[in-house]
Structure formats: C-alpha cells, structure tokens
Amino acid sequence: LCEAAELDVAVAKAAEAQKSWGAKPVNERVQVLYRLKALIETQVEQLAKICSHENGKTTAEAKASIARAVECVEFASSLPQLIAGRVLEVSRGVECKMVRYPLGVVAGITPFNFPFMVPLWMIPMAIGCGNAFILKPSDQTPLSAIEIARFLEEAGLPEGVFSVIHGDREIVEAICDHAGIQAIGFVGSTKVAKLVYERSTAHGKRVRALGGAKNHLI
C-alpha cells in the first residue's frame, strides 16, 4: 500500500512528463493508442487469465470485458477528429476560436469488478488529449493495472506520463486533496462516489464520479 509521499513523487514525475507529452500534436499522441490496441489483441488469453485469477469472474466474461476495453482504445484513437476546435464568425471581421488544451495531471480510481476494462474507459482519452494519468486500482485487483502499465510502456508512452499507485482509503483521500492533480475519474460504490466528488470538488478539481452499478456473481 502506497502512502501520500509516494503519490507526491508520482505527481511530480507526471507533471514533468506532461509538459513535453502535451506539447505533441494529437495525431502523434494517438499512435501510442494504435500500438496499445494491437498489443492487447495479441494477449487476450493471458489477460483473461489474470483478470479471472484476481477477480474470480469466468474466463468468458473476462474476455468480453477485454473486448469492451479494446473498443474504448479504438474510440480514443479517433481523437484527432473528436477534439478538433472551431472558428465562429461572430461579426464582420471578428472571429471566436475554440481550442482544447490538456488539463495536466489527472487520476483515475477504479473498482474491483472490471479491473481491465474500467481503467481503459479513462486512460486512452486522458493521455490522448495530452494529460498525464495516475491510476489507483482497487487494492483487491492490482494485477490488471500492472499489465496496462506494461503495455503502455511497450507501446512507446514516455516515462512518467502514466503510473500506477496502489492503496486503500488513505491514498484515495490523498488523490482527492493533492494540489497537483487537476481532475479525477471514479467508478465504484455510490457512498464512495459521493465522498470522492465532495472532497475533490472542494479543492477545485473536475470530477466524474460514477456510483451505484451492480455486478452480481454467483
């Protein structure tokens, strides 16, 4: 279990790496996502075994969740078209231009029930848009997160742009409070979603907190 001091190190490295990563054109950043997709597709059997081993779900369901994760990577690969800005002519000789910029360092806090899929709801879009990303997976299912980190490294993502930090409530609270983290994505129980939202927004962060879904297993 990591402590707040280790989070400080991860955020500092992410902030430094994000400067050059965010300065790259989006069509260059998504090349990492193309390679990530190809790597995942060559390792489905192994990933399904890891997911089943740490979570307990069947191999078939694990494979289905990996397929959904691949779809998320595919979608984010279209970012050059998705995040294009706009120019509006508002009056004679006057234009308004909309340009999208990365926020900086963002974080994801993800649950035990889909340890490979849910992180990939967040990571491809975040890094594709030029942010650095810190993933805090469930302490019950840490192995899939390590595989994601390995794949991103192999896909050519620069060091520091993505990192994994393990922990429980203490590290979640540290993420919510950290001044160097600009936004948080959360998926989990309704109770914790409310706590993460309230604590993070109190520090001015952008937050998307999803709670209340169920994933029953017999």
# chains A, B, ... in the order shown; residues from 1 in each chain; ligands from 1
$ residues_around --residues "Phe151 (chain A)" --least-positions-apart "2" --cutoff "8 Å" --atoms "only C-alpha atoms" --output "compact mmCIF listing (two decimals) with all heavy atoms, in the first residue's frame"
# COMPACT_ATOMS: atom_id res chain seq x y z
N LEU A 36 -1.13 0.28 -28.59
CA LEU A 36 -1.74 -0.33 -27.39
C LEU A 36 -2.82 -1.32 -27.79
O LEU A 36 -2.88 -2.45 -27.27
CB LEU A 36 -2.31 0.76 -26.49
CG LEU A 36 -3.11 0.28 -25.29
CD1 LEU A 36 -2.23 -0.50 -24.32
CD2 LEU A 36 -3.77 1.46 -24.58
N LEU A 39 -1.31 -4.51 -29.13
CA LEU A 39 -0.69 -5.32 -28.08
C LEU A 39 -1.74 -6.06 -27.26
O LEU A 39 -1.57 -7.24 -26.94
CB LEU A 39 0.14 -4.41 -27.16
CG LEU A 39 1.45 -3.89 -27.74
CD1 LEU A 39 2.01 -2.77 -26.87
CD2 LEU A 39 2.46 -5.02 -27.87
N ILE A 40 -2.82 -5.38 -26.92
CA ILE A 40 -3.89 -6.03 -26.15
C ILE A 40 -4.45 -7.22 -26.93
O ILE A 40 -4.67 -8.30 -26.38
CB ILE A 40 -5.01 -5.03 -25.81
CG1 ILE A 40 -4.50 -3.96 -24.84
CG2 ILE A 40 -6.21 -5.76 -25.19
CD1 ILE A 40 -5.48 -2.83 -24.60
N GLU A 147 -0.46 -4.77 -15.81
CA GLU A 147 -0.39 -5.16 -17.21
C GLU A 147 -0.64 -3.96 -18.12
O GLU A 147 0.01 -3.80 -19.16
CB GLU A 147 -1.41 -6.27 -17.51
CG GLU A 147 -1.07 -7.61 -16.89
CD GLU A 147 0.29 -8.12 -17.34
OE1 GLU A 147 0.46 -8.38 -18.55
OE2 GLU A 147 1.19 -8.24 -16.50
N ILE A 148 -1.58 -3.10 -17.75
CA ILE A 148 -1.84 -1.89 -18.54
C ILE A 148 -0.59 -1.03 -18.60
O ILE A 148 -0.22 -0.51 -19.65
CB ILE A 148 -3.03 -1.11 -17.95
CG1 ILE A 148 -4.33 -1.90 -18.12
CG2 ILE A 148 -3.15 0.27 -18.61
CD1 ILE A 148 -5.52 -1.30 -17.39
N ALA A 149 0.08 -0.88 -17.46
CA ALA A 149 1.32 -0.09 -17.42
C ALA A 149 2.38 -0.70 -18.33
O ALA A 149 3.08 0.01 -19.06
CB ALA A 149 1.83 0.00 -15.99
N GLU A 153 4.01 1.11 -21.72
CA GLU A 153 5.45 1.27 -21.88
C GLU A 153 5.92 0.67 -23.19
O GLU A 153 6.69 1.27 -23.94
CB GLU A 153 6.18 0.63 -20.70
CG GLU A 153 7.70 0.80 -20.75
CD GLU A 153 8.39 0.16 -19.57
OE1 GLU A 153 7.78 -0.71 -18.90
OE2 GLU A 153 9.56 0.50 -19.33
N GLU A 154 5.43 -0.55 -23.49
CA GLU A 154 5.83 -1.22 -24.72
C GLU A 154 5.31 -0.48 -25.95
O GLU A 154 5.93 -0.51 -27.02
CB GLU A 154 5.31 -2.66 -24.71
CG GLU A 154 5.87 -3.53 -25.82
CD GLU A 154 5.48 -5.00 -25.67
OE1 GLU A 154 5.06 -5.40 -24.57
OE2 GLU A 154 5.60 -5.73 -26.67
N ALA A 155 4.16 0.20 -25.80
CA ALA A 155 3.58 0.95 -26.91
C ALA A 155 4.31 2.26 -27.18
O ALA A 155 4.00 2.95 -28.15
CB ALA A 155 2.11 1.23 -26.64
$ residues_around --residues "region 203-210 of chain A" --least-positions-apart "2" --cutoff "8 Å" --atoms "only C-alpha atoms" --output "PDB file with N, CA and C atoms, in the first residue's frame"
ATOM      1  N   CYS A 176      -7.582  12.922  -3.777  1.00  0.00           N
ATOM      2  CA  CYS A 176      -8.622  13.962  -3.748  1.00  0.00           C
ATOM      3  C   CYS A 176      -8.056  15.307  -3.305  1.00  0.00           C
ATOM      4  N   ASP A 177      -7.100  15.275  -2.387  1.00  0.00           N
ATOM      5  CA  ASP A 177      -6.577  16.503  -1.787  1.00  0.00           C
ATOM      6  C   ASP A 177      -5.396  17.099  -2.546  1.00  0.00           C
ATOM      7  N   ALA A 179      -2.886  18.982  -4.668  1.00  0.00           N
ATOM      8  CA  ALA A 179      -2.970  20.208  -5.471  1.00  0.00           C
ATOM      9  C   ALA A 179      -2.451  20.020  -6.889  1.00  0.00           C
ATOM     10  N   ILE A 181      -3.080  17.499  -8.901  1.00  0.00           N
ATOM     11  CA  ILE A 181      -3.991  16.703  -9.722  1.00  0.00           C
ATOM     12  C   ILE A 181      -5.196  17.566 -10.083  1.00  0.00           C
ATOM     13  N   GLN A 182      -5.437  17.737 -11.383  1.00  0.00           N
ATOM     14  CA  GLN A 182      -6.475  18.666 -11.835  1.00  0.00           C
ATOM     15  C   GLN A 182      -7.858  18.038 -11.992  1.00  0.00           C
ATOM     16  N   ALA A 183      -7.919  16.729 -12.204  1.00  0.00           N
ATOM     17  CA  ALA A 183      -9.215  16.086 -12.430  1.00  0.00           C
ATOM     18  C   ALA A 183      -9.148  14.630 -11.993  1.00  0.00           C
ATOM     19  N   ILE A 184     -10.317  14.090 -11.647  1.00  0.00           N
ATOM     20  CA  ILE A 184     -10.399  12.703 -11.168  1.00  0.00           C
ATOM     21  C   ILE A 184     -11.584  12.016 -11.832  1.00  0.00           C
ATOM     22  N   GLY A 185     -11.351  10.789 -12.288  1.00  0.00           N
ATOM     23  CA  GLY A 185     -12.432   9.909 -12.699  1.00  0.00           C
ATOM     24  C   GLY A 185     -12.569   8.809 -11.663  1.00  0.00           C
ATOM     25  N   PHE A 186     -13.797   8.514 -11.252  1.00  0.00           N
ATOM     26  CA  PHE A 186     -14.034   7.484 -10.231  1.00  0.00           C
ATOM     27  C   PHE A 186     -15.154   6.570 -10.691  1.00  0.00           C
ATOM     28  N   VAL A 187     -14.996   5.274 -10.422  1.00  0.00           N
ATOM     29  CA  VAL A 187     -16.067   4.298 -10.586  1.00  0.00           C
ATOM     30  C   VAL A 187     -16.062   3.411  -9.351  1.00  0.00           C
ATOM     31  N   GLY A 188     -17.227   3.247  -8.721  1.00  0.00           N
ATOM     32  CA  GLY A 188     -17.307   2.423  -7.516  1.00  0.00           C
ATOM     33  C   GLY A 188     -18.669   2.535  -6.872  1.00  0.00           C
ATOM     34  N   SER A 189     -18.713   2.365  -5.572  1.00  0.00           N
ATOM     35  CA  SER A 189     -19.981   2.415  -4.855  1.00  0.00           C
ATOM     36  C   SER A 189     -20.503   3.844  -4.781  1.00  0.00           C
ATOM     37  N   THR A 190     -21.807   3.973  -4.602  1.00  0.00           N
ATOM     38  CA  THR A 190     -22.422   5.299  -4.501  1.00  0.00           C
ATOM     39  C   THR A 190     -21.871   6.059  -3.302  1.00  0.00           C
ATOM     40  N   ALA A 193     -18.416   7.240  -4.155  1.00  0.00           N
ATOM     41  CA  ALA A 193     -18.505   8.213  -5.252  1.00  0.00           C
ATOM     42  C   ALA A 193     -18.869   9.593  -4.709  1.00  0.00           C
ATOM     43  N   LYS A 194     -19.816   9.645  -3.780  1.00  0.00           N
ATOM     44  CA  LYS A 194     -20.220  10.922  -3.192  1.00  0.00           C
ATOM     45  C   LYS A 194     -19.076  11.545  -2.400  1.00  0.00           C
ATOM     46  N   VAL A 196     -15.802  11.028  -2.799  1.00  0.00           N
ATOM     47  CA  VAL A 196     -14.756  11.470  -3.717  1.00  0.00           C
ATOM     48  C   VAL A 196     -15.164  12.770  -4.399  1.00  0.00           C
ATOM     49  N   TYR A 197     -16.420  12.832  -4.821  1.00  0.00           N
ATOM     50  CA  TYR A 197     -16.896  14.038  -5.508  1.00  0.00           C
ATOM     51  C   TYR A 197     -16.832  15.256  -4.588  1.00  0.00           C
ATOM     52  N   ARG A 199     -15.139  15.714  -1.745  1.00  0.00           N
ATOM     53  CA  ARG A 199     -13.798  16.067  -1.270  1.00  0.00           C
ATOM     54  C   ARG A 199     -12.961  16.686  -2.390  1.00  0.00           C
ATOM     55  N   SER A 200     -13.077  16.144  -3.605  1.00  0.00           N
ATOM     56  CA  SER A 200     -12.260  16.630  -4.716  1.00  0.00           C
ATOM     57  C   SER A 200     -12.732  17.983  -5.225  1.00  0.00           C
ATOM     58  N   THR A 201     -14.036  18.155  -5.373  1.00  0.00           N
ATOM     59  CA  THR A 201     -14.545  19.430  -5.859  1.00  0.00           C
ATOM     60  C   THR A 201     -14.310  20.547  -4.850  1.00  0.00           C
ATOM     61  N   GLY A 212     -23.134   3.274  -7.952  1.00  0.00           N
ATOM     62  CA  GLY A 212     -24.458   2.677  -7.913  1.00  0.00           C
ATOM     63  C   GLY A 212     -24.674   1.448  -8.785  1.00  0.00           C
TER      64      GLY A 212
END
$ closest_residue --among "A:Ser77, A:Met98, A:Leu143, A:Val90" --to "Ser52 (chain A)" --atoms "only C-alpha atoms"
A:Leu143
$ closest_atom_pairs --of "region 87-191 of chain A" --to "region 67-74 of chain A" --cutoff "6 Å" --atoms "only C-alpha atoms" --output "Markdown table"
| residue | atom | partner | partner_atom | distance |
| --- | --- | --- | --- | --- |
| A:Met117 | CA | A:Ala69 | CA | 4.7 |
| A:Leu120 | CA | A:Ala69 | CA | 5.6 |
| A:Trp121 | CA | A:Cys72 | CA | 5.9 |
| A:Pro124 | CA | A:Val73 | CA | 5.7 |
$ select_by_dssp --residues "region 3-211 of chain A" --states "alpha helix (DSSP H)" --output "NGL selection string"
:A and (4-23 or 26-42 or 44-55 or 59-76 or 79-82 or 119-128 or 143-154 or 169-177 or 190-201)
$ atom_distance --atom1 "CA of Ala107 (chain A)" --atom2 "CA of Gly180 (chain A)"
10.3 Å
$ residues_around --residues "Val99 (chain A)" --least-positions-apart "6" --cutoff "10 Å" --atoms "only C-alpha atoms" --output "MDAnalysis selection string"
chainID A and resid 83:87
$ write_last_selection --atoms "C-alpha atoms" --output "CSV table (one decimal), in the first residue's frame"
chain,number,residue,atom,x,y,z
A,83,ILE,CA,-11.3,17.2,-30.4
A,84,ALA,CA,-10.9,19.5,-33.3
A,85,GLY,CA,-11.5,23.1,-32.4
A,86,ARG,CA,-14.0,25.5,-34.1
A,87,VAL,CA,-13.8,29.0,-35.5
$ closest_residue --among "A:Gln31, A:Ser163, A:Ser138, A:Thr110" --to "Glu6 (chain A)" --atoms "only C-alpha atoms"
A:Ser163
$ residues_around --residues "Gly22 (chain A)" --least-positions-apart "5" --cutoff "7 Å" --atoms "only C-alpha atoms" --output "compact mmCIF listing (two decimals) with C-alpha atoms, in the first residue's frame"
# COMPACT_ATOMS: atom_id res chain seq x y z
CA PRO A 102 -4.85 19.30 -21.75
CA GLY A 130 -2.30 15.25 -23.73
CA ASN A 131 -2.68 14.69 -19.99
$ select_by_dssp --residues "region 7-197 of chain A" --states "strand (DSSP E or B)" --output "PyMOL selection string"
chain A and resi 86-91+94-98+105-109+132-136+162-164+183-188
$ residues_around --residues "Val26 (chain A)" --least-positions-apart "4" --cutoff "8 Å" --atoms "only C-alpha atoms" --output "JSON list (two decimals) with C-alpha atoms, in the first residue's frame"
[["chain", "number", "residue", "atom", "x", "y", "z"],
["A", 30, "VAL", "CA", -2.71, 8.60, -30.65],
["A", 79, "LEU", "CA", -9.23, 11.96, -31.09],
["A", 80, "PRO", "CA", -7.70, 13.95, -33.98],
["A", 128, "GLY", "CA", -4.69, 11.00, -25.96],
["A", 129, "CYS", "CA", -5.80, 14.51, -25.00],
["A", 130, "GLY", "CA", -2.30, 15.25, -23.73]]
$ residues_around --residues "Ala10 (chain A)" --least-positions-apart "6" --cutoff "9 Å" --atoms "only C-alpha atoms" --output "ChimeraX atom specification"
/A:134,160,163-165
$ write_last_selection --atoms "N, CA and C atoms" --output "compact mmCIF listing (two decimals), in the first residue's frame"
# COMPACT_ATOMS: atom_id res chain seq x y z
N ILE A 134 -2.56 9.11 -13.57
CA ILE A 134 -2.20 8.27 -12.43
C ILE A 134 -3.39 7.37 -12.12
N GLY A 160 6.66 8.39 -17.13
CA GLY A 160 6.05 9.41 -16.29
C GLY A 160 4.67 9.84 -16.71
N SER A 163 1.27 6.24 -14.61
CA SER A 163 1.80 5.49 -13.48
C SER A 163 0.66 4.87 -12.69
N VAL A 164 1.00 3.86 -11.93
CA VAL A 164 0.05 3.14 -11.08
C VAL A 164 0.47 3.34 -9.63
N ILE A 165 -0.50 3.66 -8.79
CA ILE A 165 -0.23 3.78 -7.37
C ILE A 165 -1.26 2.94 -6.62
$ residues_around --residues "Ala5 (chain A)" --least-positions-apart "2" --cutoff "12 Å" --atoms "only C-alpha atoms" --output "short mmCIF file (atom, residue, chain, number, x, y, z; two decimals) with N, CA and C atoms, in the first residue's frame"
data_model
loop_
_atom_site.label_atom_id
_atom_site.label_comp_id
_atom_site.auth_asym_id
_atom_site.auth_seq_id
_atom_site.Cartn_x
_atom_site.Cartn_y
_atom_site.Cartn_z
N LEU A 1 0.84 -1.19 0.00
CA LEU A 1 0.00 0.00 0.00
C LEU A 1 0.88 1.24 0.00
N CYS A 2 0.63 2.13 -0.96
CA CYS A 2 1.43 3.35 -1.06
C CYS A 2 0.94 4.40 -0.07
N GLU A 3 1.82 5.34 0.23
CA GLU A 3 1.49 6.43 1.13
C GLU A 3 1.52 7.74 0.37
N LEU A 7 2.75 9.24 -3.57
CA LEU A 7 1.89 9.95 -4.51
C LEU A 7 2.55 11.26 -4.94
N ASP A 8 3.16 11.95 -4.00
CA ASP A 8 3.86 13.20 -4.34
C ASP A 8 4.91 12.97 -5.42
N VAL A 9 5.66 11.89 -5.30
CA VAL A 9 6.69 11.56 -6.28
C VAL A 9 6.06 11.29 -7.64
N ALA A 10 4.97 10.50 -7.65
CA ALA A 10 4.30 10.16 -8.90
C ALA A 10 3.75 11.40 -9.59
N VAL A 11 3.15 12.31 -8.80
CA VAL A 11 2.57 13.53 -9.38
C VAL A 11 3.67 14.42 -9.94
N ALA A 12 4.77 14.54 -9.22
CA ALA A 12 5.88 15.37 -9.70
C ALA A 12 6.44 14.85 -11.02
N ILE A 165 -0.50 3.66 -8.79
CA ILE A 165 -0.23 3.78 -7.37
C ILE A 165 -1.26 2.94 -6.62
N GLU A 170 -6.64 5.72 2.43
CA GLU A 170 -5.65 6.79 2.67
C GLU A 170 -5.15 7.39 1.36
N ILE A 171 -4.85 6.56 0.39
CA ILE A 171 -4.30 7.08 -0.86
C ILE A 171 -5.40 7.72 -1.70
N ALA A 174 -5.69 11.13 -0.40
CA ALA A 174 -4.53 11.92 -0.81
C ALA A 174 -4.68 12.39 -2.26
N ILE A 175 -5.25 11.54 -3.11
CA ILE A 175 -5.50 11.92 -4.50
C ILE A 175 -6.53 13.05 -4.56
N HIS A 178 -4.76 16.33 -3.42
CA HIS A 178 -3.48 16.75 -3.98
C HIS A 178 -3.63 17.94 -4.93
#
$ closest_residue --among "A:Thr42, A:Gln18, A:Gln140, A:Asn113" --to "Ser65 (chain A)" --atoms "only C-alpha atoms"
A:Asn113
$ closest_residue --among "A:Leu195, A:Ala62, A:Ala126, A:Val32" --to "Gln46 (chain A)" --atoms "only C-alpha atoms"
A:Ala62
